[in-house]
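Quick look at protein33.cif (mmCIF, C-alpha atoms):
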```cif
data_run
#
loop_
_atom_site.label_atom_id
_atom_site.label_comp_id
_atom_site.auth_asym_id
_atom_site.auth_seq_id
_atom_site.Cartn_x
_atom_site.Cartn_y
_atom_site.Cartn_z
CA MET F 148 -5.09 6.38 9.98
CA PRO F 149 -6.04 2.68 9.95
CA THR F 150 -9.02 1.49 11.90
CA ASP F 151 -8.43 -0.67 14.96
CA ALA F 152 -10.58 -3.58 13.84
CA ALA F 153 -9.84 -6.90 15.46
CA PRO F 154 -7.25 -8.89 13.46
CA GLY F 155 -9.60 -11.86 13.14
CA SER F 156 -12.36 -9.75 11.59
CA ARG F 157 -10.24 -8.47 8.70
CA ASP F 158 -9.96 -10.24 5.37
CA ARG F 159 -6.66 -10.46 3.46
CA ARG F 160 -7.05 -7.14 1.62
CA GLU F 161 -8.01 -5.30 4.80
CA THR F 162 -5.04 -6.82 6.61
CA VAL F 163 -2.63 -5.67 3.89
CA ARG F 164 -4.15 -2.18 3.88
CA PHE F 165 -4.04 -1.99 7.68
CA TYR F 166 -0.36 -2.82 8.06
CA LEU F 167 0.71 -0.53 5.21
CA LEU F 168 -0.98 2.37 7.02
CA ASP F 169 -0.48 1.33 10.64
CA HIS F 170 1.97 3.16 12.92
CA ARG F 171 1.13 1.52 16.24
CA THR F 172 1.62 -2.24 16.05
CA LEU F 173 5.06 -3.81 16.07
CA LEU F 174 4.69 -5.00 12.46
CA GLY F 175 3.38 -1.63 11.31
CA LYS F 176 6.34 0.17 12.90
CA ALA F 177 8.77 -2.34 11.39
CA ILE F 178 7.32 -1.74 7.91
CA ASP F 179 7.59 2.04 8.38
CA ILE F 180 11.21 1.86 9.55
CA ALA F 181 12.18 -0.58 6.78
CA LEU F 182 10.62 1.59 4.05
CA LEU F 183 12.29 4.72 5.43
CA ALA F 184 15.68 2.98 5.53
CA LEU F 185 15.23 1.65 1.99
CA ASN F 186 14.26 5.11 0.74
CA LEU F 187 17.44 6.55 2.23
CA ALA F 188 19.50 3.75 0.69
CA PHE F 189 17.78 4.24 -2.69
CA VAL F 190 18.67 7.94 -2.71
CA ALA F 191 22.22 7.23 -1.51
CA VAL F 192 22.77 4.75 -4.37
CA PHE F 193 21.60 7.32 -6.91
CA VAL F 194 24.08 9.89 -5.55
CA ALA F 195 26.95 7.37 -5.30
CA GLU F 196 26.50 6.32 -8.93
CA THR F 197 27.41 9.83 -10.09
CA TYR F 198 30.94 9.46 -8.68
CA PRO F 199 33.85 7.56 -10.28
CA LEU F 200 33.79 4.15 -8.61
CA PRO F 201 35.58 0.83 -9.13
CA ALA F 202 33.71 -1.49 -11.48
CA GLU F 203 33.15 -4.06 -8.73
CA LEU F 204 31.60 -1.52 -6.36
CA ARG F 205 29.46 -0.10 -9.14
CA THR F 206 28.16 -3.61 -9.88
CA ARG F 207 27.30 -4.12 -6.23
CA LEU F 208 25.48 -0.81 -6.05
CA TRP F 209 23.48 -1.72 -9.12
CA GLY F 210 22.54 -5.02 -7.51
CA LEU F 211 21.46 -3.15 -4.37
CA GLU F 212 19.40 -0.73 -6.45
CA VAL F 213 17.62 -3.58 -8.23
CA ALA F 214 16.93 -5.35 -4.93
CA ILE F 215 15.47 -2.20 -3.33
CA ALA F 216 13.43 -1.48 -6.45
CA GLY F 217 12.08 -5.04 -6.20
CA VAL F 218 10.90 -4.37 -2.65
CA PHE F 219 9.23 -1.16 -3.79
CA VAL F 220 7.49 -3.04 -6.60
CA VAL F 221 6.05 -5.44 -4.03
CA GLU F 222 4.97 -2.48 -1.87
CA TYR F 223 3.35 -0.80 -4.89
CA VAL F 224 1.42 -3.94 -5.83
CA LEU F 225 0.32 -4.50 -2.23
CA ARG F 226 -0.93 -0.93 -1.93
CA LEU F 227 -3.06 -1.38 -5.04
CA TYR F 228 -4.23 -4.80 -3.85
CA GLY F 229 -5.26 -3.57 -0.41
CA ALA F 230 -6.79 -0.26 -1.45
CA LYS F 231 -10.53 0.25 -1.08
CA ASP F 232 -10.60 2.15 -4.37
CA ARG F 233 -7.77 0.89 -6.58
CA LEU F 234 -8.24 3.53 -9.27
CA ALA F 235 -8.06 6.31 -6.67
CA GLU F 236 -4.97 4.71 -5.15
CA ALA F 237 -3.28 4.31 -8.55
CA THR F 238 -3.85 7.99 -9.35
CA ASN F 239 -2.87 9.20 -5.88
CA PRO F 240 0.11 11.60 -6.24
CA TYR F 241 2.15 9.62 -3.70
CA THR F 242 1.51 6.37 -5.55
CA VAL F 243 2.40 7.96 -8.90
CA VAL F 244 5.69 9.18 -7.42
CA ASP F 245 6.35 5.68 -6.07
CA LEU F 246 5.92 4.27 -9.57
CA LEU F 247 8.09 6.95 -11.21
CA ALA F 248 10.82 6.33 -8.62
CA ILE F 249 11.21 2.68 -9.55
CA LEU F 250 10.30 2.86 -13.24
CA PRO F 251 13.82 3.68 -14.55
CA THR F 252 15.40 0.73 -12.73
CA LEU F 253 12.66 -1.60 -13.91
CA LEU F 254 13.08 -0.48 -17.51
CA VAL F 255 16.82 -1.09 -17.41
CA VAL F 256 16.25 -4.57 -15.92
CA LEU F 257 13.44 -5.55 -18.27
CA LEU F 258 14.89 -3.82 -21.36
CA PRO F 259 18.70 -3.99 -21.06
CA GLY F 260 19.09 -2.19 -24.36
CA VAL F 261 17.95 1.09 -22.78
CA GLY F 262 20.79 1.00 -20.26
CA THR F 263 22.90 3.50 -22.15
CA VAL F 264 19.94 5.78 -22.59
CA ALA F 265 19.26 5.59 -18.86
CA GLY F 266 22.79 6.78 -18.24
CA ILE F 267 22.60 9.99 -20.29
CA GLY F 268 19.00 10.82 -21.01
CA PHE F 269 15.44 10.81 -19.86
CA LEU F 270 15.70 7.96 -17.38
CA ARG F 271 18.47 9.64 -15.42
CA VAL F 272 16.24 12.67 -15.02
CA VAL F 273 13.26 10.58 -13.93
CA ARG F 274 15.34 8.78 -11.32
CA VAL F 275 15.69 12.05 -9.41
CA VAL F 276 12.03 11.94 -8.36
CA ARG F 277 12.72 9.00 -6.05
CA VAL F 278 13.45 11.54 -3.31
CA LEU F 279 9.79 12.62 -3.50
CA ARG F 280 8.86 9.28 -1.92
CA PHE F 281 9.70 10.82 1.47
CA TYR F 282 6.55 12.93 1.26
CA ARG F 283 4.53 9.77 1.91
CA PHE F 284 5.84 9.82 5.48
CA THR F 285 4.25 13.25 6.11
CA GLN F 286 0.69 12.33 5.15
CA ASP F 287 -0.43 12.39 8.79
CA ALA F 288 0.92 13.27 12.23
CA GLU F 289 1.47 9.65 13.31
CA PHE F 290 4.91 8.11 12.89
CA PHE F 291 6.49 4.89 14.08
CA PHE F 292 7.99 6.81 17.04
CA GLY F 293 4.70 8.45 18.07
CA THR F 294 2.42 11.35 17.20
CA VAL F 295 3.86 14.78 16.46
CA SER F 296 2.16 18.15 16.80
CA ASP F 297 0.70 19.96 13.81
CA ASN F 298 3.44 22.59 14.05
CA ALA F 299 6.15 19.92 14.09
CA LEU F 300 4.55 18.27 11.06
CA ARG F 301 4.47 21.61 9.21
CA ALA F 302 8.11 22.23 10.10
CA LEU F 303 8.99 18.74 8.87
CA LYS F 304 7.20 19.39 5.58
CA LEU F 305 9.04 22.70 5.20
CA LEU F 306 12.40 21.03 5.83
CA LEU F 307 11.52 18.23 3.43
CA THR F 308 10.40 20.74 0.80
CA VAL F 309 13.76 22.54 1.04
CA LEU F 310 15.69 19.27 0.75
CA VAL F 311 13.55 18.00 -2.12
CA LEU F 312 13.87 21.29 -4.00
CA LEU F 313 17.66 21.24 -3.61
CA PHE F 314 17.99 17.55 -4.43
CA VAL F 315 15.70 17.51 -7.47
CA SER F 316 17.21 20.73 -8.82
CA ALA F 317 20.71 19.32 -8.34
CA GLY F 318 19.77 16.04 -10.02
CA LEU F 319 18.24 17.78 -13.01
CA PHE F 320 21.15 20.20 -13.27
CA TYR F 321 23.64 17.32 -13.08
CA SER F 322 21.78 15.42 -15.79
CA ALA F 323 21.84 18.46 -18.08
CA GLU F 324 25.43 19.57 -17.42
CA GLN F 325 27.58 16.54 -16.59
CA ALA F 326 28.35 15.65 -20.20
CA ALA F 327 29.11 19.22 -21.32
CA ASN F 328 30.40 21.01 -18.24
CA PRO F 329 33.79 19.96 -16.79
CA ASP F 330 32.96 21.76 -13.54
CA VAL F 331 29.98 19.44 -12.92
CA ALA F 332 31.54 16.02 -12.58
CA THR F 333 29.50 14.64 -9.67
CA PHE F 334 26.19 15.12 -7.94
CA GLY F 335 28.05 16.99 -5.20
CA ASP F 336 29.18 19.61 -7.70
CA ALA F 337 25.60 20.09 -8.90
CA PHE F 338 24.26 20.25 -5.34
CA TYR F 339 26.84 22.89 -4.43
CA TYR F 340 25.89 24.97 -7.46
CA VAL F 341 22.16 24.76 -6.69
CA VAL F 342 22.64 25.82 -3.05
CA VAL F 343 24.77 28.77 -4.15
CA ALA F 344 22.31 29.73 -6.91
CA LEU F 345 19.16 29.45 -4.78
CA SER F 346 20.75 31.40 -1.94
CA THR F 347 21.60 34.15 -4.50
CA VAL F 348 25.24 34.12 -3.39
CA GLY F 349 26.52 33.35 -6.88
CA PHE F 350 30.26 32.72 -6.46
CA GLY F 351 30.61 32.17 -10.20
CA ASP F 352 32.97 29.19 -9.93
CA ILE F 353 30.33 26.99 -11.58
CA VAL F 354 28.08 28.32 -14.32
CA PRO F 355 25.64 26.47 -16.61
CA THR F 356 26.94 25.87 -20.10
CA THR F 357 23.84 24.28 -21.64
CA THR F 358 20.46 25.79 -22.40
CA ALA F 359 18.77 23.13 -20.30
CA GLY F 360 21.06 23.90 -17.38
CA ARG F 361 20.18 27.60 -17.56
CA TRP F 362 16.44 26.93 -17.65
CA ILE F 363 16.71 24.44 -14.79
CA THR F 364 18.48 27.15 -12.77
CA VAL F 365 15.75 29.67 -13.56
CA ALA F 366 12.98 27.20 -12.70
CA SER F 367 14.70 26.22 -9.43
CA ILE F 368 15.07 29.83 -8.32
CA LEU F 369 11.44 30.59 -9.17
CA ALA F 370 10.31 27.47 -7.32
CA GLY F 371 12.34 28.51 -4.30
CA ILE F 372 10.83 32.00 -4.36
CA ILE F 373 7.27 30.66 -4.59
CA VAL F 374 7.20 27.34 -2.73
CA LEU F 375 9.38 28.00 0.32
CA PRO F 376 7.63 31.20 1.51
CA TRP F 377 4.27 29.49 0.95
CA GLN F 378 5.26 26.57 3.18
CA ALA F 379 6.86 28.84 5.78
CA SER F 380 3.78 31.07 5.92
CA LYS F 381 1.70 28.13 7.17
CA ILE F 382 3.95 27.80 10.20
CA VAL F 383 4.03 31.57 10.83
CA ARG F 384 0.23 31.82 10.59
CA GLU F 385 -0.19 28.98 13.07
CA TRP F 386 2.24 30.51 15.54
CA SER F 387 0.63 33.93 15.16
CA HIS F 388 -2.84 32.50 15.66
CA ARG F 389 -1.79 30.84 18.90
CA GLU F 390 -0.70 34.22 20.29
CA LYS F 391 -4.26 35.56 19.85
CA VAL F 392 -7.35 35.18 22.01
CA ASP F 393 -10.74 34.33 20.56
CA VAL F 394 -12.54 37.56 21.45
CA THR F 395 -14.99 39.17 19.01
CA CYS F 396 -15.46 42.93 18.93
CA PRO F 397 -19.17 43.70 19.48
CA ASN F 398 -18.88 46.81 17.32
CA CYS F 399 -17.16 45.63 14.11
CA GLY F 400 -17.06 41.85 14.57
CA LEU F 401 -13.28 41.46 14.31
CA SER F 402 -12.04 38.36 16.14
CA SER F 403 -8.64 37.07 17.30
CA HIS F 404 -7.09 39.90 19.27
CA ASP F 405 -3.81 40.18 21.11
CA ARG F 406 -3.84 38.80 24.64
CA ASP F 407 -3.14 42.18 26.25
CA ALA F 408 -5.53 44.19 24.07
CA SER F 409 -8.34 46.08 25.79
CA HIS F 410 -9.59 47.84 22.65
CA CYS F 411 -10.28 46.56 19.16
CA LYS F 412 -7.35 47.22 16.86
CA ALA F 413 -9.74 47.87 13.94
CA CYS F 414 -12.32 50.28 15.37
CA GLY F 415 -11.05 51.12 18.88
CA HIS F 416 -14.13 49.79 20.67
CA ILE F 417 -13.62 48.34 24.15
CA ILE F 418 -13.55 44.56 23.80
CA TYR F 419 -12.53 43.40 27.28
CA GLN F 420 -10.59 44.54 30.29
CA GLU F 421 -8.68 42.57 32.85
CA VAL F 422 -10.32 42.80 36.23
CA ASP F 423 -8.30 42.55 39.40
CA SER F 424 -9.63 39.52 41.27
CA SER F 425 -8.79 41.18 44.63
CA GLU F 426 -11.41 43.89 44.09
#
```
Written as structure tokens, that's how I'd like the structure from this file.
Amino acid sequence: MPTDAAPGSRDRRETVRFYLLDHRTLLGKAIDIALLALNLAFVAVFVAETYPLPAELRTRLWGLEVAIAGVFVVEYVLRLYGAKDRLAEATNPYTVVDLLAILPTLLVVLLPGVGTVAGIGFLRVVRVVRVLRFYRFTQDAEFFFGTVSDNALRALKLLLTVLVLLFVSAGLFYSAEQAANPDVATFGDAFYYVVVALSTVGFGDIVPTTTAGRWITVASILAGIIVLPWQASKIVREWSHREKVDVTCPNCGLSSHDRDASHCKACGHIIYQEVDSSE
């Protein structure tokens, strides 16, 4: 959370850092909303480019992608410029994801000769990580529309984790299968397959035909088994804890008992009893 220092007392670096972190001032909210909208547009362009489109529309989408990437480059540079510790900021996981998200577009712009490689190889895979930029918006409980509860923030992270897992898995699967599998012609086909695979439904209408596609499927299922319950358990633990009362058993020392408990659930010792106030 940015400090509320008076605007006149901040130097240029502090001002840049303040407004990139701020959620309260009009400019800070505008920056948040603009970055969120550009992130959504960036992801939408990536998905749209996997579909057969007229050459003119494809050219316009590429121009939009380059323009958005340019804005993100400016944001990246400003974050490094305004950071108190630039090395720590540069190695921050969110900042690394920001760089990886725009790197493929920059390479195609700066090195046009890698354009064909970007279409079928490593760069297409790397471009999937741009969806991870949304995690930056869950760093704290303050958003441009106000402050959310810890439970709401955990639920948001869980929802985002599910979407990121599905999206990244679909992007990787599409990159591995689209050239060899006639059933995976668009990102939508890959997304459908991943949802069916991770939900263990397995209709069988789309199956991986490449070794990479099979391993991506295995990794996605394992990630879903491990990551999603781990995120969900945080919410369940919080809800469970709120249903307890902070009463410590004098016999065994166990704390956090049910609200209606009169005896310790571990040793059976009397911990407290409700007393009728009319007596």
Q.
Please list, as a PyMOL selection string, the residues that have an atom at most 12 Å away from (19.2, 23.8, -9.3) in the coordinates of this file, counting all atoms listed in the file.
A. chain F and resi 309-324+334-347+353-355+359-371
Same residues, C-alpha atoms, output as an mmCIF file, in the coordinates of the input:
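Written out: selection-v2.cif:
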```cif
data_model
loop_
_atom_site.group_PDB
_atom_site.id
_atom_site.type_symbol
_atom_site.label_atom_id
_atom_site.label_comp_id
_atom_site.auth_asym_id
_atom_site.auth_seq_id
_atom_site.Cartn_x
_atom_site.Cartn_y
_atom_site.Cartn_z
ATOM 1 C CA VAL F 309 13.760 22.540 1.040
ATOM 2 C CA LEU F 310 15.690 19.270 0.750
ATOM 3 C CA VAL F 311 13.550 18.000 -2.120
ATOM 4 C CA LEU F 312 13.870 21.290 -4.000
ATOM 5 C CA LEU F 313 17.660 21.240 -3.610
ATOM 6 C CA PHE F 314 17.990 17.550 -4.430
ATOM 7 C CA VAL F 315 15.700 17.510 -7.470
ATOM 8 C CA SER F 316 17.210 20.730 -8.820
ATOM 9 C CA ALA F 317 20.710 19.320 -8.340
ATOM 10 C CA GLY F 318 19.770 16.040 -10.020
ATOM 11 C CA LEU F 319 18.240 17.780 -13.010
ATOM 12 C CA PHE F 320 21.150 20.200 -13.270
ATOM 13 C CA TYR F 321 23.640 17.320 -13.080
ATOM 14 C CA SER F 322 21.780 15.420 -15.790
ATOM 15 C CA ALA F 323 21.840 18.460 -18.080
ATOM 16 C CA GLU F 324 25.430 19.570 -17.420
ATOM 17 C CA PHE F 334 26.190 15.120 -7.940
ATOM 18 C CA GLY F 335 28.050 16.990 -5.200
ATOM 19 C CA ASP F 336 29.180 19.610 -7.700
ATOM 20 C CA ALA F 337 25.600 20.090 -8.900
ATOM 21 C CA PHE F 338 24.260 20.250 -5.340
ATOM 22 C CA TYR F 339 26.840 22.890 -4.430
ATOM 23 C CA TYR F 340 25.890 24.970 -7.460
ATOM 24 C CA VAL F 341 22.160 24.760 -6.690
ATOM 25 C CA VAL F 342 22.640 25.820 -3.050
ATOM 26 C CA VAL F 343 24.770 28.770 -4.150
ATOM 27 C CA ALA F 344 22.310 29.730 -6.910
ATOM 28 C CA LEU F 345 19.160 29.450 -4.780
ATOM 29 C CA SER F 346 20.750 31.400 -1.940
ATOM 30 C CA THR F 347 21.600 34.150 -4.500
ATOM 31 C CA ILE F 353 30.330 26.990 -11.580
ATOM 32 C CA VAL F 354 28.080 28.320 -14.320
ATOM 33 C CA PRO F 355 25.640 26.470 -16.610
ATOM 34 C CA ALA F 359 18.770 23.130 -20.300
ATOM 35 C CA GLY F 360 21.060 23.900 -17.380
ATOM 36 C CA ARG F 361 20.180 27.600 -17.560
ATOM 37 C CA TRP F 362 16.440 26.930 -17.650
ATOM 38 C CA ILE F 363 16.710 24.440 -14.790
ATOM 39 C CA THR F 364 18.480 27.150 -12.770
ATOM 40 C CA VAL F 365 15.750 29.670 -13.560
ATOM 41 C CA ALA F 366 12.980 27.200 -12.700
ATOM 42 C CA SER F 367 14.700 26.220 -9.430
ATOM 43 C CA ILE F 368 15.070 29.830 -8.320
ATOM 44 C CA LEU F 369 11.440 30.590 -9.170
ATOM 45 C CA ALA F 370 10.310 27.470 -7.320
ATOM 46 C CA GLY F 371 12.340 28.510 -4.300
#
```
Q: Point out the residue among F:Thr162, F:Ser380, F:Ile417, F:Thr308 with the least atom-to-atom distance to Cys396 (chain F), counting all atoms listed in the file.
A: F:Ile417
Q: Mind giving me the straight-line distance from CA of Leu247 (chain F) to CA of Leu168 (chain F) in Å, one decimal?
A: 20.9 Å
Tell me which protein, DNA and RNA residues are within 8 Å of region 223-239 of chain F, counting all atoms listed in the file, leaving out same-chain ones fewer than 2 positions away, and put them as a CSV table (one decimal) with C-alpha atoms, in the frame of the given file.
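Once everything was written out, this is selection.csv:
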```csv
chain,number,residue,atom,x,y,z
F,160,ARG,CA,-7.0,-7.1,1.6
F,161,GLU,CA,-8.0,-5.3,4.8
F,162,THR,CA,-5.0,-6.8,6.6
F,163,VAL,CA,-2.6,-5.7,3.9
F,164,ARG,CA,-4.2,-2.2,3.9
F,167,LEU,CA,0.7,-0.5,5.2
F,219,PHE,CA,9.2,-1.2,-3.8
F,220,VAL,CA,7.5,-3.0,-6.6
F,221,VAL,CA,6.0,-5.4,-4.0
F,241,TYR,CA,2.2,9.6,-3.7
F,242,THR,CA,1.5,6.4,-5.6
F,243,VAL,CA,2.4,8.0,-8.9
F,245,ASP,CA,6.4,5.7,-6.1
F,246,LEU,CA,5.9,4.3,-9.6
```
Q: Could you please determine the separation between CA of Phe189 (chain F) and CA of Asp330 (chain F) in Å, to one decimal place?
A: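 Going from CA of Phe189 (chain F) over to CA of Asp330 (chain F) covers 25.6 Å.
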Q) Which residue gives the smallest distance to Gln325 (chain F) among F:Tyr198, F:Ile215, F:Gly415, F:Leu208, with all atoms listed in the file counted? A) F:Tyr198
Q) From the list F:Cys399, F:Ala195, F:Ile249, F:Val218, which residue is nearest His416 (chain F) when using all atoms listed in the file? A)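 Using all atoms listed in the file, the shortest distance to His416 (chain F) belongs to F:Cys399.
Candidate residues F:Ala216, F:Ala177, F:Leu306, F:Leu250 were compared for distance to Leu375 (chain F), and the nearest is F:Leu306, using all atoms listed in the file.
In this comparison, which uses all atoms listed in the file, the residue of F:Ala248, F:Phe165, F:Val394, F:Thr356 approaching Ser409 (chain F) most closely is F:Val394.
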Q: Grab the CA of Pro199 (chain F) to CA of Val331 (chain F) distance for me, in Å with one decimal place.
A: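 About the pair CA of Pro199 (chain F) and CA of Val331 (chain F): they are 12.8 Å apart.
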Q: Could you give me, as a list in words, the residues within 12 Å of Leu185 (chain F), counting only C-alpha atoms and dropping anything in the same chain fewer than 3 positions from it?
A: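 Non-adjacent residues within range: Ile178, Asp179, Ile180, Ala181, Leu182, Ala188, Phe189, Val190, Ala191, Val192, Leu211, Glu212, Val213, Ala214, Ile215, Ala216, Gly217, Val218, Phe219, Glu222, Arg277, Val278, Arg280 and Phe281 of chain F.
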Please reconstruct the missing atoms of region 294-321 of chain F (target: N, CA and C atoms) and return them as a PDB file, in the coordinates of the input.
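Output file selection.pdb is given in full below:
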```
ATOM      1  N   THR F 294       3.175  10.305  17.883  1.00  0.00           N
ATOM      2  CA  THR F 294       2.420  11.350  17.200  1.00  0.00           C
ATOM      3  C   THR F 294       3.088  12.693  17.427  1.00  0.00           C
ATOM      4  N   VAL F 295       3.241  13.471  16.361  1.00  0.00           N
ATOM      5  CA  VAL F 295       3.860  14.780  16.460  1.00  0.00           C
ATOM      6  C   VAL F 295       2.788  15.852  16.372  1.00  0.00           C
ATOM      7  N   SER F 296       3.102  17.044  16.847  1.00  0.00           N
ATOM      8  CA  SER F 296       2.160  18.150  16.800  1.00  0.00           C
ATOM      9  C   SER F 296       2.006  18.651  15.359  1.00  0.00           C
ATOM     10  N   ASP F 297       0.933  19.408  15.147  1.00  0.00           N
ATOM     11  CA  ASP F 297       0.700  19.960  13.810  1.00  0.00           C
ATOM     12  C   ASP F 297       1.841  20.890  13.396  1.00  0.00           C
ATOM     13  N   ASN F 298       2.340  21.673  14.358  1.00  0.00           N
ATOM     14  CA  ASN F 298       3.440  22.590  14.050  1.00  0.00           C
ATOM     15  C   ASN F 298       4.699  21.815  13.675  1.00  0.00           C
ATOM     16  N   ALA F 299       4.969  20.737  14.406  1.00  0.00           N
ATOM     17  CA  ALA F 299       6.150  19.920  14.090  1.00  0.00           C
ATOM     18  C   ALA F 299       6.003  19.287  12.717  1.00  0.00           C
ATOM     19  N   LEU F 300       4.782  18.864  12.376  1.00  0.00           N
ATOM     20  CA  LEU F 300       4.550  18.270  11.060  1.00  0.00           C
ATOM     21  C   LEU F 300       4.739  19.307   9.956  1.00  0.00           C
ATOM     22  N   ARG F 301       4.274  20.535  10.192  1.00  0.00           N
ATOM     23  CA  ARG F 301       4.470  21.610   9.210  1.00  0.00           C
ATOM     24  C   ARG F 301       5.951  21.934   9.052  1.00  0.00           C
ATOM     25  N   ALA F 302       6.670  21.956  10.167  1.00  0.00           N
ATOM     26  CA  ALA F 302       8.110  22.230  10.100  1.00  0.00           C
ATOM     27  C   ALA F 302       8.829  21.114   9.354  1.00  0.00           C
ATOM     28  N   LEU F 303       8.390  19.865   9.579  1.00  0.00           N
ATOM     29  CA  LEU F 303       8.990  18.740   8.870  1.00  0.00           C
ATOM     30  C   LEU F 303       8.737  18.846   7.375  1.00  0.00           C
ATOM     31  N   LYS F 304       7.521  19.235   7.000  1.00  0.00           N
ATOM     32  CA  LYS F 304       7.200  19.390   5.580  1.00  0.00           C
ATOM     33  C   LYS F 304       8.013  20.514   4.948  1.00  0.00           C
ATOM     34  N   LEU F 305       8.228  21.598   5.712  1.00  0.00           N
ATOM     35  CA  LEU F 305       9.040  22.700   5.200  1.00  0.00           C
ATOM     36  C   LEU F 305      10.474  22.246   4.973  1.00  0.00           C
ATOM     37  N   LEU F 306      11.038  21.540   5.959  1.00  0.00           N
ATOM     38  CA  LEU F 306      12.400  21.030   5.830  1.00  0.00           C
ATOM     39  C   LEU F 306      12.501  20.067   4.655  1.00  0.00           C
ATOM     40  N   LEU F 307      11.512  19.185   4.530  1.00  0.00           N
ATOM     41  CA  LEU F 307      11.520  18.230   3.430  1.00  0.00           C
ATOM     42  C   LEU F 307      11.384  18.932   2.089  1.00  0.00           C
ATOM     43  N   THR F 308      10.568  19.982   2.037  1.00  0.00           N
ATOM     44  CA  THR F 308      10.400  20.740   0.800  1.00  0.00           C
ATOM     45  C   THR F 308      11.717  21.372   0.376  1.00  0.00           C
ATOM     46  N   VAL F 309      12.453  21.937   1.344  1.00  0.00           N
ATOM     47  CA  VAL F 309      13.760  22.540   1.040  1.00  0.00           C
ATOM     48  C   VAL F 309      14.707  21.483   0.490  1.00  0.00           C
ATOM     49  N   LEU F 310      14.779  20.326   1.175  1.00  0.00           N
ATOM     50  CA  LEU F 310      15.690  19.270   0.750  1.00  0.00           C
ATOM     51  C   LEU F 310      15.311  18.715  -0.615  1.00  0.00           C
ATOM     52  N   VAL F 311      14.011  18.524  -0.833  1.00  0.00           N
ATOM     53  CA  VAL F 311      13.550  18.000  -2.120  1.00  0.00           C
ATOM     54  C   VAL F 311      13.846  18.989  -3.238  1.00  0.00           C
ATOM     55  N   LEU F 312      13.586  20.271  -2.984  1.00  0.00           N
ATOM     56  CA  LEU F 312      13.870  21.290  -4.000  1.00  0.00           C
ATOM     57  C   LEU F 312      15.355  21.296  -4.360  1.00  0.00           C
ATOM     58  N   LEU F 313      16.218  21.246  -3.347  1.00  0.00           N
ATOM     59  CA  LEU F 313      17.660  21.240  -3.610  1.00  0.00           C
ATOM     60  C   LEU F 313      18.078  19.968  -4.331  1.00  0.00           C
ATOM     61  N   PHE F 314      17.565  18.828  -3.866  1.00  0.00           N
ATOM     62  CA  PHE F 314      17.990  17.550  -4.430  1.00  0.00           C
ATOM     63  C   PHE F 314      17.517  17.390  -5.870  1.00  0.00           C
ATOM     64  N   VAL F 315      16.242  17.667  -6.117  1.00  0.00           N
ATOM     65  CA  VAL F 315      15.700  17.510  -7.470  1.00  0.00           C
ATOM     66  C   VAL F 315      16.367  18.501  -8.423  1.00  0.00           C
ATOM     67  N   SER F 316      16.550  19.734  -7.964  1.00  0.00           N
ATOM     68  CA  SER F 316      17.210  20.730  -8.820  1.00  0.00           C
ATOM     69  C   SER F 316      18.635  20.292  -9.135  1.00  0.00           C
ATOM     70  N   ALA F 317      19.343  19.776  -8.123  1.00  0.00           N
ATOM     71  CA  ALA F 317      20.710  19.320  -8.340  1.00  0.00           C
ATOM     72  C   ALA F 317      20.750  18.132  -9.285  1.00  0.00           C
ATOM     73  N   GLY F 318      19.804  17.206  -9.134  1.00  0.00           N
ATOM     74  CA  GLY F 318      19.770  16.040 -10.020  1.00  0.00           C
ATOM     75  C   GLY F 318      19.493  16.428 -11.458  1.00  0.00           C
ATOM     76  N   LEU F 319      18.541  17.333 -11.655  1.00  0.00           N
ATOM     77  CA  LEU F 319      18.240  17.780 -13.010  1.00  0.00           C
ATOM     78  C   LEU F 319      19.409  18.558 -13.604  1.00  0.00           C
ATOM     79  N   PHE F 320      20.013  19.417 -12.790  1.00  0.00           N
ATOM     80  CA  PHE F 320      21.150  20.200 -13.270  1.00  0.00           C
ATOM     81  C   PHE F 320      22.320  19.278 -13.619  1.00  0.00           C
ATOM     82  N   TYR F 321      22.559  18.275 -12.797  1.00  0.00           N
ATOM     83  CA  TYR F 321      23.640  17.320 -13.080  1.00  0.00           C
ATOM     84  C   TYR F 321      23.370  16.575 -14.385  1.00  0.00           C
TER      85      TYR F 321
END
```
